[in-house]
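Below: the structure, in structure tokens.
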Amino acid sequence: MTDGFKALIATAVGERDYEISFKDITEDDLPDLPVLVEVDYSTVNYKDALAITKKGRIIRRFPMICGVDIAGKVISSDDDRWQTGDEVIVNGFGISETEQGAYTQRERLSGDWLVKLPDGLSARQAMAIGTAGYTAMLCVQALEDNGVKPDGGEILVTGATGGVGSVATMILAKLGYSVVAVTGRMEHEGFLKSLGAAEVIERAELDRDAKPMEKERWAGVVDAVGGKTLATAIAQTKYGGTVTACGLAGGFALNSTVMPFILRGVKLIGIDSVMASLEKRNKAWQRLAKDIDHALLERLTTEISFSDLPSACADLLEGRTKGRMVVKIG
């Protein structure tokens with residue numbers, strides 16, 4: 001039996017409910033996987049907030065250690081690819097849904113899930129980026145891969161005060177794109193412009209029933225919202241433009257038509273961060289280490305304690321947060 005440590009765990013209550021609580025566990029309670037990691041930092045994602053507040057059916061089996069993102073150091077390894085002391089990042093692969101998650105001071109993980117912490121990033125900075133920022137970079141890379149260039153026109157970023165949107169705004173602006181940020185909270189206009197947004201518009205301008213095609217404006221779109229906002233963005237995308245979709249905070253339905261796709265050649269690219277290949281992950285994280293403005297990243301980051309996690313998740317869903325939250329675990 002090893003020394004105990006704390007974890008935030010979802011435990012089933014009856015057949016349809018569960019409770020969230022901090023528990024003392026040991027290494028004997030962790031899964032039988034080859035790499036033992038000391039968790040230094042994690043973060044709070046929309047999916048984490050849904051699970052911990054019980055507002056979404058995220059967790060697929062119980063008991064479950066919550067939390068999607070891990071940054072930490074390898075304590076021991078039975079996988080030759082990873083050695084004691086290696087600094088690693090982990091996210092996706094069903095962590096906190098079907099595989100035990102991040103909100104624990106130690107975790108056992110598959111070596112297939114680990115990404116080496118890139119040079120130039122600390123564990124804290126990696127979690128300030130987190131799954132949200134990594135997803136934002138996948139969106140940016142998809143725009144680049146489909147020929148969207150800084151001189152091609154405006155880029156729309158929806159949900160811009162959230163994790164994906166704020167990091168996407170920051171990255172795109174640094175790369176020279178003209179970013180139009182969308183928010184439902186115009187009191188954060190100054191914050192978004194400090195990240196590099198050239199213009200900030202109200203969510204209501206897009207969160208409405210769209211026509212099949214509208215006036216062309218966007219060379220590219222990073223959409224973290226879905227629903228009516230995504231449908232309107234598609235209808236307004238310029239000939240040959242690319243729309244990347246990575247979220248559903250505004251709903252999972254998409255009431256659109258084929259017209260933008262067959263008359264304007266618009267491309268709609270789905271962005272999956274959960275099961276993306278290690279090749280894609282490593283490329284995205286290397287780009288993040290290079291293309292993130294560290295001073296700006298620090299400005300949009302709030303650090304919270306392990307014990308503050310449940311209340312922070314409620315704040316996120318109620319729209320009381322902006323930017324990124326880093327959780328000090330270790």
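We name chains A, B, ... following the order of the structure tokens; residues begin at 1 in each chain, and ligands are numbered from 1 as shown.
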Check the DSSP output for the backbone and give back, as a list in words, the residues of range 202-240 of chain A in strand (DSSP E or B).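 The residues of range 202-240 of chain A classed as strand (DSSP E or B) are Glu202, Trp218, Ala219, Gly220, Val221, Val222, Asp223, Thr237, Lys238, Tyr239 and Gly240 of chain A.
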List as a list in words the protein and nucleic acid residues near range 82-87 of chain A, meaning an atom at most 8 Å away when only C-alpha atoms are counted, but skip any in the same chain fewer than 4 places from it.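 Residues meeting the cut-off are Val35, Ala71, Gly72, Lys73, Val74, Ile75, Ser76, Ser77, Gly111, Lys116, Leu117 and Ala123 of chain A.
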Selected residues written out with C-alpha atoms, as a CSV table (one decimal), in the first residue's frame:
chain,number,residue,atom,x,y,z
A,35,VAL,CA,3.4,4.9,-16.9
A,71,ALA,CA,0.8,18.1,-17.3
A,72,GLY,CA,3.3,16.4,-15.1
A,73,LYS,CA,6.4,14.2,-14.7
A,74,VAL,CA,6.9,10.5,-15.1
A,75,ILE,CA,7.6,8.8,-11.7
A,76,SER,CA,8.1,5.3,-13.1
A,77,SER,CA,7.6,3.6,-16.4
A,111,GLY,CA,2.4,5.4,-23.0
A,116,LYS,CA,6.6,15.2,-24.6
A,117,LEU,CA,6.3,18.7,-23.2
A,123,ALA,CA,3.8,22.5,-17.4
Contacts of Val182 in chain A at 9 Å (only C-alpha atoms; same-chain gap of 4+ positions) as a PyMOL selection string: chain A and resi 156-161+165+186+199-203+205-206
Skipping near chain neighbours, those fewer than 4 positions away, what residues fall within 7 Å of range 36-49 of chain A using only C-alpha atoms, listed as a tab-separated table (two decimals) with C-alpha atoms, in the first residue's frame?
chain	number	residue	atom	x	y	z
A	53	THR	CA	-21.86	20.05	-12.47
A	67	GLY	CA	-10.49	15.93	-15.62
A	68	VAL	CA	-9.35	15.90	-19.25
A	69	ASP	CA	-5.88	17.53	-19.18
A	70	ILE	CA	-2.65	16.47	-17.47
A	71	ALA	CA	0.79	18.06	-17.32
A	72	GLY	CA	3.33	16.39	-15.10
A	73	LYS	CA	6.42	14.23	-14.70
A	74	VAL	CA	6.94	10.50	-15.10
A	75	ILE	CA	7.56	8.84	-11.71
A	76	SER	CA	8.11	5.35	-13.08
A	77	SER	CA	7.56	3.56	-16.38
A	102	ALA	CA	-6.56	14.21	-14.54
A	104	THR	CA	-5.60	13.45	-9.09
A	105	GLN	CA	-2.13	14.01	-7.71
A	106	ARG	CA	-0.91	10.81	-9.40
A	107	GLU	CA	-2.21	8.87	-12.38
A	108	ARG	CA	-1.28	5.75	-14.36
A	109	LEU	CA	-1.49	6.17	-18.12
A	123	ALA	CA	3.81	22.53	-17.40
A	124	ARG	CA	1.77	25.49	-16.19
A	127	MET	CA	-2.22	23.71	-19.08
A	128	ALA	CA	-3.00	27.37	-19.69
A	130	GLY	CA	-4.78	22.82	-22.49
A	132	ALA	CA	-8.91	24.17	-25.60
A	313	CYS	CA	-16.79	24.58	-13.15
A	314	ALA	CA	-20.09	26.17	-12.15
A	316	LEU	CA	-17.59	28.53	-16.37
A	317	LEU	CA	-21.04	27.24	-17.32
A	325	MET	CA	-8.13	28.45	-15.86
A	326	VAL	CA	-5.10	26.50	-14.65
A	327	VAL	CA	-5.53	24.09	-11.74
A	328	LYS	CA	-2.55	23.57	-9.42
A	329	ILE	CA	-2.76	19.88	-8.58
A	330	GLY	CA	0.66	18.81	-7.29
Considering only C-alpha atoms, return as number ranges by chain whatever protein or nucleic-acid residues lie within 12 Å of Lys211 in chain A, sequence-local ones (same chain, fewer than 2 positions apart) excluded. A: 206, 208-209, 213-215, 228, 231-236, 255-260
Could you turn the residues from that selection into a file that holds C-alpha atoms, as a PDB file, in the first residue's frame?
ATOM      1  CA  LEU A 206     -25.006  35.333 -35.797  1.00  0.00           C
ATOM      2  CA  ARG A 208     -30.326  33.669 -35.471  1.00  0.00           C
ATOM      3  CA  ASP A 209     -32.036  31.875 -38.337  1.00  0.00           C
ATOM      4  CA  MET A 213     -26.557  32.225 -48.376  1.00  0.00           C
ATOM      5  CA  GLU A 214     -25.762  35.701 -47.099  1.00  0.00           C
ATOM      6  CA  LYS A 215     -23.309  38.436 -48.017  1.00  0.00           C
ATOM      7  CA  LYS A 228     -27.479  28.791 -35.390  1.00  0.00           C
ATOM      8  CA  ALA A 231     -25.159  27.988 -39.771  1.00  0.00           C
ATOM      9  CA  THR A 232     -24.946  31.788 -40.139  1.00  0.00           C
ATOM     10  CA  ALA A 233     -21.148  31.697 -40.333  1.00  0.00           C
ATOM     11  CA  ILE A 234     -21.315  29.140 -43.158  1.00  0.00           C
ATOM     12  CA  ALA A 235     -23.833  31.287 -45.047  1.00  0.00           C
ATOM     13  CA  GLN A 236     -21.469  34.290 -44.798  1.00  0.00           C
ATOM     14  CA  ASN A 255     -29.860  23.871 -39.919  1.00  0.00           C
ATOM     15  CA  SER A 256     -28.049  24.727 -43.132  1.00  0.00           C
ATOM     16  CA  THR A 257     -28.256  23.961 -46.867  1.00  0.00           C
ATOM     17  CA  VAL A 258     -25.846  22.607 -49.458  1.00  0.00           C
ATOM     18  CA  MET A 259     -25.822  25.959 -51.294  1.00  0.00           C
ATOM     19  CA  PRO A 260     -22.670  27.480 -49.724  1.00  0.00           C
TER      20      PRO A 260
END
Any idea what the distance is between CA of Glu298 in chain A and CA of Gly247 in chain A? 24.1 Å
Could you pull out all residues of range 106-166 of chain A with a DSSP call of helix (DSSP H, G or I) and give them as a PyMOL selection string? chain A and resi 111-113+123-145+150-152+163-166
Nearest-residue call for Ile269 in chain A, choices A:Ile171, A:Ala142, A:Ala253, A:Gly94, using only C-alpha atoms: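 So, comparing all the options, the nearest one is A:Ala142.
Between Leu297 in chain A and the residues A:Met64, A:Ile20, A:Leu121, A:Leu30, the shortest atom-to-atom distance, using only C-alpha atoms, involves A:Leu121.
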Counting only C-alpha atoms, what is within 10 Å of range 174-179 of chain A, bar same-chain residues fewer than 5 positions away, as JSON, numbers by chain? {"A": [140, 148, 149, 150, 151, 152, 153, 154, 155, 156, 157, 168, 169, 192, 193, 195, 196, 197, 198, 199, 200, 218, 219, 220, 221, 291, 292, 293]}
Residues near Gly250 in chain A, cut-off 8 Å, only C-alpha atoms, skip fewer than 3 positions along chain, as a list of chain:residue names: A:Val225, A:Gly226, A:Gly227, A:Lys228, A:Thr229
Writing out the chosen residues with C-alpha atoms as a PDB file, in the first residue's frame:
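Okay, this is what ended up in again.pdb:
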ATOM      1  CA  VAL A 225     -20.397  27.245 -30.671  1.00  0.00           C
ATOM      2  CA  GLY A 226     -22.350  25.272 -33.265  1.00  0.00           C
ATOM      3  CA  GLY A 227     -26.110  25.655 -33.767  1.00  0.00           C
ATOM      4  CA  LYS A 228     -27.479  28.791 -35.390  1.00  0.00           C
ATOM      5  CA  THR A 229     -24.152  30.600 -35.039  1.00  0.00           C
TER       6      THR A 229
END
Have a look at CA of Thr11 in chain A and CA of Ser311 in chain A and let me know their distance in Å, one decimal.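 CA of Ser311 in chain A lies 18.3 Å from CA of Thr11 in chain A.
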CA of Val164 in chain A and CA of Ala181 in chain A are how many Å apart?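 Computing it gives 11.8 Å between the two atoms.
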